[in-house]
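See below for the structure under consideration.
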Amino acid sequence: MNDTGRPQDFPLSNPRADRVRDVAKLAGRPARLKRGQFLAEGPQAVREALKLHQERLASGAPGIVTEVFASDACLDRFPEFEELAEGTNARLATDEVLAAMADTVNPQGIIAVCRFVDVPLQDVLDGGPRLIAVLCQVRDPGNAGTVLRAADSAGADAVVLTGSSVDIYNPKAVRSTAGSLFHLPVVLGVEPAELAAACRARGIGILAADGYGQLNLDALQDESARRRLTGDGPESAVDLAAPTAWLFGNEAQGLSEEELALADHRVAVPVYGAAESLNLGTAATVCLYASARSQQG
């Protein structure tokens with residue numbers, strides 16, 4: 001930072017500069033995997049990344065943001081970034097440079113280069129989680145980001161993506177999380193069978209979101225509500241208030257038979273109208289909130 005509080009007097013202005021091209025390569029998976037870095041674009045994502053960065057530094061842990069590139073206009077609009085970016089390599093950049101770096105046409109004036117934030121499954125399980133969202137063969141980055149955001153909103157303890165799912169560091173996936181990627185633990189590359197065994201060993205039940213499931217989510221919520229109010233009620237094979245890992249399947253095919261077989265129970269979200277089914281993001285949100293509401297009691 002200079003005396004004015006801005007990263008530098010003269011912004012990075014050449015969209016063909018080597019550093020600009022180097023950052024732009026992080027839009028591709030090979031460069032992300034090689035460097036262990038990804039891009040956060042836009043004020044919301046960058047703000048949450050920098051908050052996590054500062055929290056980690058304050059606790060003595062390594063930060064996650066290595067570089068920030070921002071326009072003068074963005075810093076005028078969001079002056080808090082000047083303080084949040086302390087401890088990073090922060091630079092001013094023109095809109096043309098930001099557009100060359102970003103995956104989007106309009107990157108909203110700010111981009112951060114971040115280190116990977118995923119954690120091992122063991123770290124999540126050691127924390128005694130009560131609610132986990134598991135994405136099995138989810139291929140669309142927008143859907144993956146939406147489910148992660150829903151899990152964050154529902155107060156889930158972690159999100160797990162199986163090895164056949166999309167790269168959560170895909171720029172579209174990162175944008176779709178709206179900053180939630182930096183709020184809760186994310187586990188990558190776990191095979192469903194490994195996850196199921198680890199959850200059962202910790203007493204975590206496994207529910208599969210399945211449109212053809214025999215159990216009705218609304219009925220389970222009603223029973224859970226009765227138990228909270230009366231302290232008793234008819235026994236059920238499923239207690240939504242118990243620690244749970246929800247399995248969510250591929251956008252087109254849903255969960256495979258092998259994945260369904262790993263679940264303790266298959267639960268359907270009832271459809272009362274004429275729609276054939278709910279999309280992945282909506283179904284996941286309904287299921288996660290059903291568990292979260294029951295667990296709050």
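Just so we're on the same page: first chain in the structure tokens is A, next is B, and so on; residues restart at 1 for each chain, and ligands are numbered from 1 in the order they show up.
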Using only C-alpha atoms, which residues sit within 9 Å of region 108-123 of chain A once same-chain residues fewer than 6 positions away are excluded, as a ChimeraX atom specification?
/A:23,26,32,35-43,45-46,49-50,63-75,90,93-95,98-99,101-102,160,169,181-182,185-188,190,195,198
Need to verify the contact set: region 281-283 of chain A, 9 Å, only C-alpha atoms, exclusion of same-chain residues closer than 4 positions in sequence. Can you return it as a PyMOL selection string?
chain A and resi 143-147+150+209+248+269+277+287-288
Store the residues picked out above in a file with C-alpha atoms, as a PDB file, in the first residue's frame.
ATOM      1  CA  ASN A 143     -25.466 -26.756  -9.262  1.00  0.00           C
ATOM      2  CA  ALA A 144     -22.519 -27.670  -7.054  1.00  0.00           C
ATOM      3  CA  GLY A 145     -22.099 -24.073  -5.984  1.00  0.00           C
ATOM      4  CA  THR A 146     -25.814 -23.704  -5.306  1.00  0.00           C
ATOM      5  CA  VAL A 147     -25.886 -26.775  -3.053  1.00  0.00           C
ATOM      6  CA  ALA A 150     -27.706 -23.957   0.568  1.00  0.00           C
ATOM      7  CA  ALA A 209     -32.568 -37.897  -1.580  1.00  0.00           C
ATOM      8  CA  PHE A 248     -27.553 -35.902  -3.542  1.00  0.00           C
ATOM      9  CA  VAL A 269     -39.444 -34.770  -1.341  1.00  0.00           C
ATOM     10  CA  SER A 277     -39.555 -33.288 -10.110  1.00  0.00           C
ATOM     11  CA  CYS A 287     -33.728 -31.715   2.588  1.00  0.00           C
ATOM     12  CA  LEU A 288     -30.976 -29.808   4.374  1.00  0.00           C
TER      13      LEU A 288
END
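With distances restricted to only C-alpha atoms, A:Asp140 is the closest residue to Ser165 (chain A) from A:Asp103, A:Asp140, A:Asp126, A:Asp222.
Closest approach to Asp210 (chain A) among A:Leu280, A:Val267, A:Ala100, A:Leu84 is made by A:Val267 (distances from only C-alpha atoms).
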As a VMD selection string, please: all residues of region 56-196 of chain A that backbone DSSP puts in strand (DSSP E).
chain A and resid 65 to 70 89 to 92 110 to 115 131 to 135 158 to 162 186 to 190
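For the choices A:Leu52, A:Leu92, A:Leu215, A:Ala31, the atom-to-atom distance to Asp239 (chain A) is smallest for A:Leu215 when using only C-alpha atoms.
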Just list as a ChimeraX atom specification whatever in region 63-259 of chain A DSSP marks as helix (DSSP H, G or I).
/A:72-77,80-84,95-101,121-126,141-153,171-176,180-182,192-201,217-230,257-259
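Taking CA of Ala61 (chain A) as the reference point, CA of Glu48 (chain A) is found at 16.8 Å.
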Nearby residues (only C-alpha atoms) at most 12 Å from Gln253 (chain A), same-chain spacing under 2 positions excluded, as a list in words
Cys136, Gln137, Val138, Arg139, Asp210, Gly211, Phe248, Gly249, Asn250, Glu251, Leu255, Ser256, Glu257, Glu259, Asn279 and Leu280 of chain A
Store the residues of this selection in a file with all heavy atoms, as a compact mmCIF listing (two decimals), in the first residue's frame.
# COMPACT_ATOMS: atom_id res chain seq x y z
N CYS A 136 -22.85 -36.50 -5.13
CA CYS A 136 -22.39 -37.69 -5.83
C CYS A 136 -22.56 -37.50 -7.34
O CYS A 136 -23.70 -37.38 -7.83
CB CYS A 136 -23.19 -38.91 -5.38
SG CYS A 136 -23.08 -39.29 -3.63
N GLN A 137 -21.47 -37.44 -8.06
CA GLN A 137 -21.49 -37.31 -9.51
C GLN A 137 -22.26 -36.07 -9.97
O GLN A 137 -22.91 -36.08 -11.01
CB GLN A 137 -22.09 -38.56 -10.16
CG GLN A 137 -21.34 -39.84 -9.84
CD GLN A 137 -21.82 -41.01 -10.65
OE1 GLN A 137 -21.68 -41.02 -11.88
NE2 GLN A 137 -22.42 -42.00 -10.00
N VAL A 138 -22.18 -35.02 -9.20
CA VAL A 138 -22.78 -33.75 -9.61
C VAL A 138 -21.79 -33.07 -10.55
O VAL A 138 -20.67 -32.75 -10.16
CB VAL A 138 -23.09 -32.86 -8.39
CG1 VAL A 138 -23.53 -31.47 -8.82
CG2 VAL A 138 -24.17 -33.53 -7.54
N ARG A 139 -22.20 -32.85 -11.78
CA ARG A 139 -21.26 -32.41 -12.82
C ARG A 139 -21.35 -30.92 -13.15
O ARG A 139 -20.42 -30.37 -13.72
CB ARG A 139 -21.52 -33.22 -14.10
CG ARG A 139 -21.48 -34.73 -13.89
CD ARG A 139 -20.09 -35.21 -13.57
NE ARG A 139 -20.05 -36.60 -13.15
CZ ARG A 139 -20.20 -37.65 -13.95
NH1 ARG A 139 -20.42 -37.47 -15.23
NH2 ARG A 139 -20.13 -38.88 -13.47
N ASP A 210 -34.12 -39.22 -2.90
CA ASP A 210 -34.52 -40.07 -4.03
C ASP A 210 -35.99 -39.83 -4.32
O ASP A 210 -36.85 -40.05 -3.45
CB ASP A 210 -34.26 -41.53 -3.68
CG ASP A 210 -34.73 -42.49 -4.76
OD1 ASP A 210 -34.87 -42.05 -5.92
OD2 ASP A 210 -34.95 -43.67 -4.44
N GLY A 211 -36.28 -39.39 -5.53
CA GLY A 211 -37.67 -39.12 -5.90
C GLY A 211 -38.58 -40.32 -5.78
O GLY A 211 -39.80 -40.17 -5.69
N PHE A 248 -26.86 -36.52 -2.42
CA PHE A 248 -27.55 -35.90 -3.54
C PHE A 248 -26.87 -36.34 -4.83
O PHE A 248 -25.64 -36.32 -4.93
CB PHE A 248 -27.53 -34.38 -3.43
CG PHE A 248 -28.12 -33.88 -2.15
CD1 PHE A 248 -27.31 -33.31 -1.16
CD2 PHE A 248 -29.48 -33.97 -1.91
CE1 PHE A 248 -27.85 -32.85 0.03
CE2 PHE A 248 -30.03 -33.52 -0.72
CZ PHE A 248 -29.21 -32.96 0.25
N GLY A 249 -27.67 -36.74 -5.82
CA GLY A 249 -27.11 -37.36 -7.01
C GLY A 249 -26.99 -36.46 -8.22
O GLY A 249 -27.28 -35.26 -8.19
N ASN A 250 -26.58 -37.09 -9.29
CA ASN A 250 -26.38 -36.44 -10.58
C ASN A 250 -27.65 -35.74 -11.06
O ASN A 250 -28.76 -36.22 -10.84
CB ASN A 250 -25.94 -37.50 -11.60
CG ASN A 250 -25.78 -36.95 -12.98
OD1 ASN A 250 -26.70 -36.98 -13.77
ND2 ASN A 250 -24.60 -36.44 -13.28
N GLU A 251 -27.46 -34.61 -11.74
CA GLU A 251 -28.59 -33.79 -12.17
C GLU A 251 -29.57 -34.55 -13.06
O GLU A 251 -30.79 -34.34 -12.97
CB GLU A 251 -28.08 -32.56 -12.94
CG GLU A 251 -27.23 -31.62 -12.12
CD GLU A 251 -25.76 -31.95 -12.10
OE1 GLU A 251 -25.39 -33.09 -12.49
OE2 GLU A 251 -24.98 -31.11 -11.67
N LEU A 255 -29.13 -40.49 -8.03
CA LEU A 255 -28.17 -41.40 -7.41
C LEU A 255 -28.19 -42.75 -8.11
O LEU A 255 -29.25 -43.25 -8.48
CB LEU A 255 -28.50 -41.58 -5.93
CG LEU A 255 -28.29 -40.34 -5.04
CD1 LEU A 255 -29.02 -40.49 -3.72
CD2 LEU A 255 -26.80 -40.09 -4.80
N SER A 256 -27.03 -43.34 -8.28
CA SER A 256 -26.95 -44.67 -8.88
C SER A 256 -27.43 -45.71 -7.88
O SER A 256 -27.56 -45.45 -6.68
CB SER A 256 -25.51 -44.98 -9.29
OG SER A 256 -24.69 -45.13 -8.14
N GLU A 257 -27.69 -46.92 -8.36
CA GLU A 257 -28.11 -47.99 -7.47
C GLU A 257 -27.05 -48.29 -6.43
O GLU A 257 -27.36 -48.59 -5.28
CB GLU A 257 -28.44 -49.25 -8.28
CG GLU A 257 -29.74 -49.18 -9.05
CD GLU A 257 -30.94 -48.94 -8.13
OE1 GLU A 257 -30.98 -49.52 -7.02
OE2 GLU A 257 -31.82 -48.15 -8.51
N GLU A 259 -24.93 -46.12 -5.17
CA GLU A 259 -24.96 -45.04 -4.19
C GLU A 259 -26.19 -45.16 -3.29
O GLU A 259 -26.10 -44.96 -2.07
CB GLU A 259 -24.94 -43.69 -4.92
CG GLU A 259 -23.60 -43.41 -5.59
CD GLU A 259 -23.69 -42.36 -6.68
OE1 GLU A 259 -24.81 -42.00 -7.10
OE2 GLU A 259 -22.62 -41.91 -7.14
N ASN A 279 -35.48 -29.60 -9.15
CA ASN A 279 -34.09 -29.64 -9.58
C ASN A 279 -33.18 -29.90 -8.37
O ASN A 279 -33.62 -29.85 -7.22
CB ASN A 279 -33.70 -28.36 -10.32
CG ASN A 279 -33.74 -27.11 -9.45
OD1 ASN A 279 -33.56 -27.17 -8.24
ND2 ASN A 279 -33.99 -25.97 -10.07
N LEU A 280 -31.92 -30.17 -8.66
CA LEU A 280 -30.99 -30.59 -7.62
C LEU A 280 -30.86 -29.55 -6.51
O LEU A 280 -30.95 -29.88 -5.32
CB LEU A 280 -29.61 -30.86 -8.23
CG LEU A 280 -28.46 -31.10 -7.26
CD1 LEU A 280 -28.72 -32.34 -6.42
CD2 LEU A 280 -27.14 -31.21 -8.01
A straight line from CA of Ser153 (chain A) to CA of Glu258 (chain A) spans 29.3 Å
Which is closer to Ala284 (chain A) than all the others in A:Val124, A:Leu135, A:Leu184, A:Ala197, using only C-alpha atoms?
A:Leu135
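As for CA of Gly128 (chain A) and CA of Gln295 (chain A), they are spaced 13.9 Å apart.
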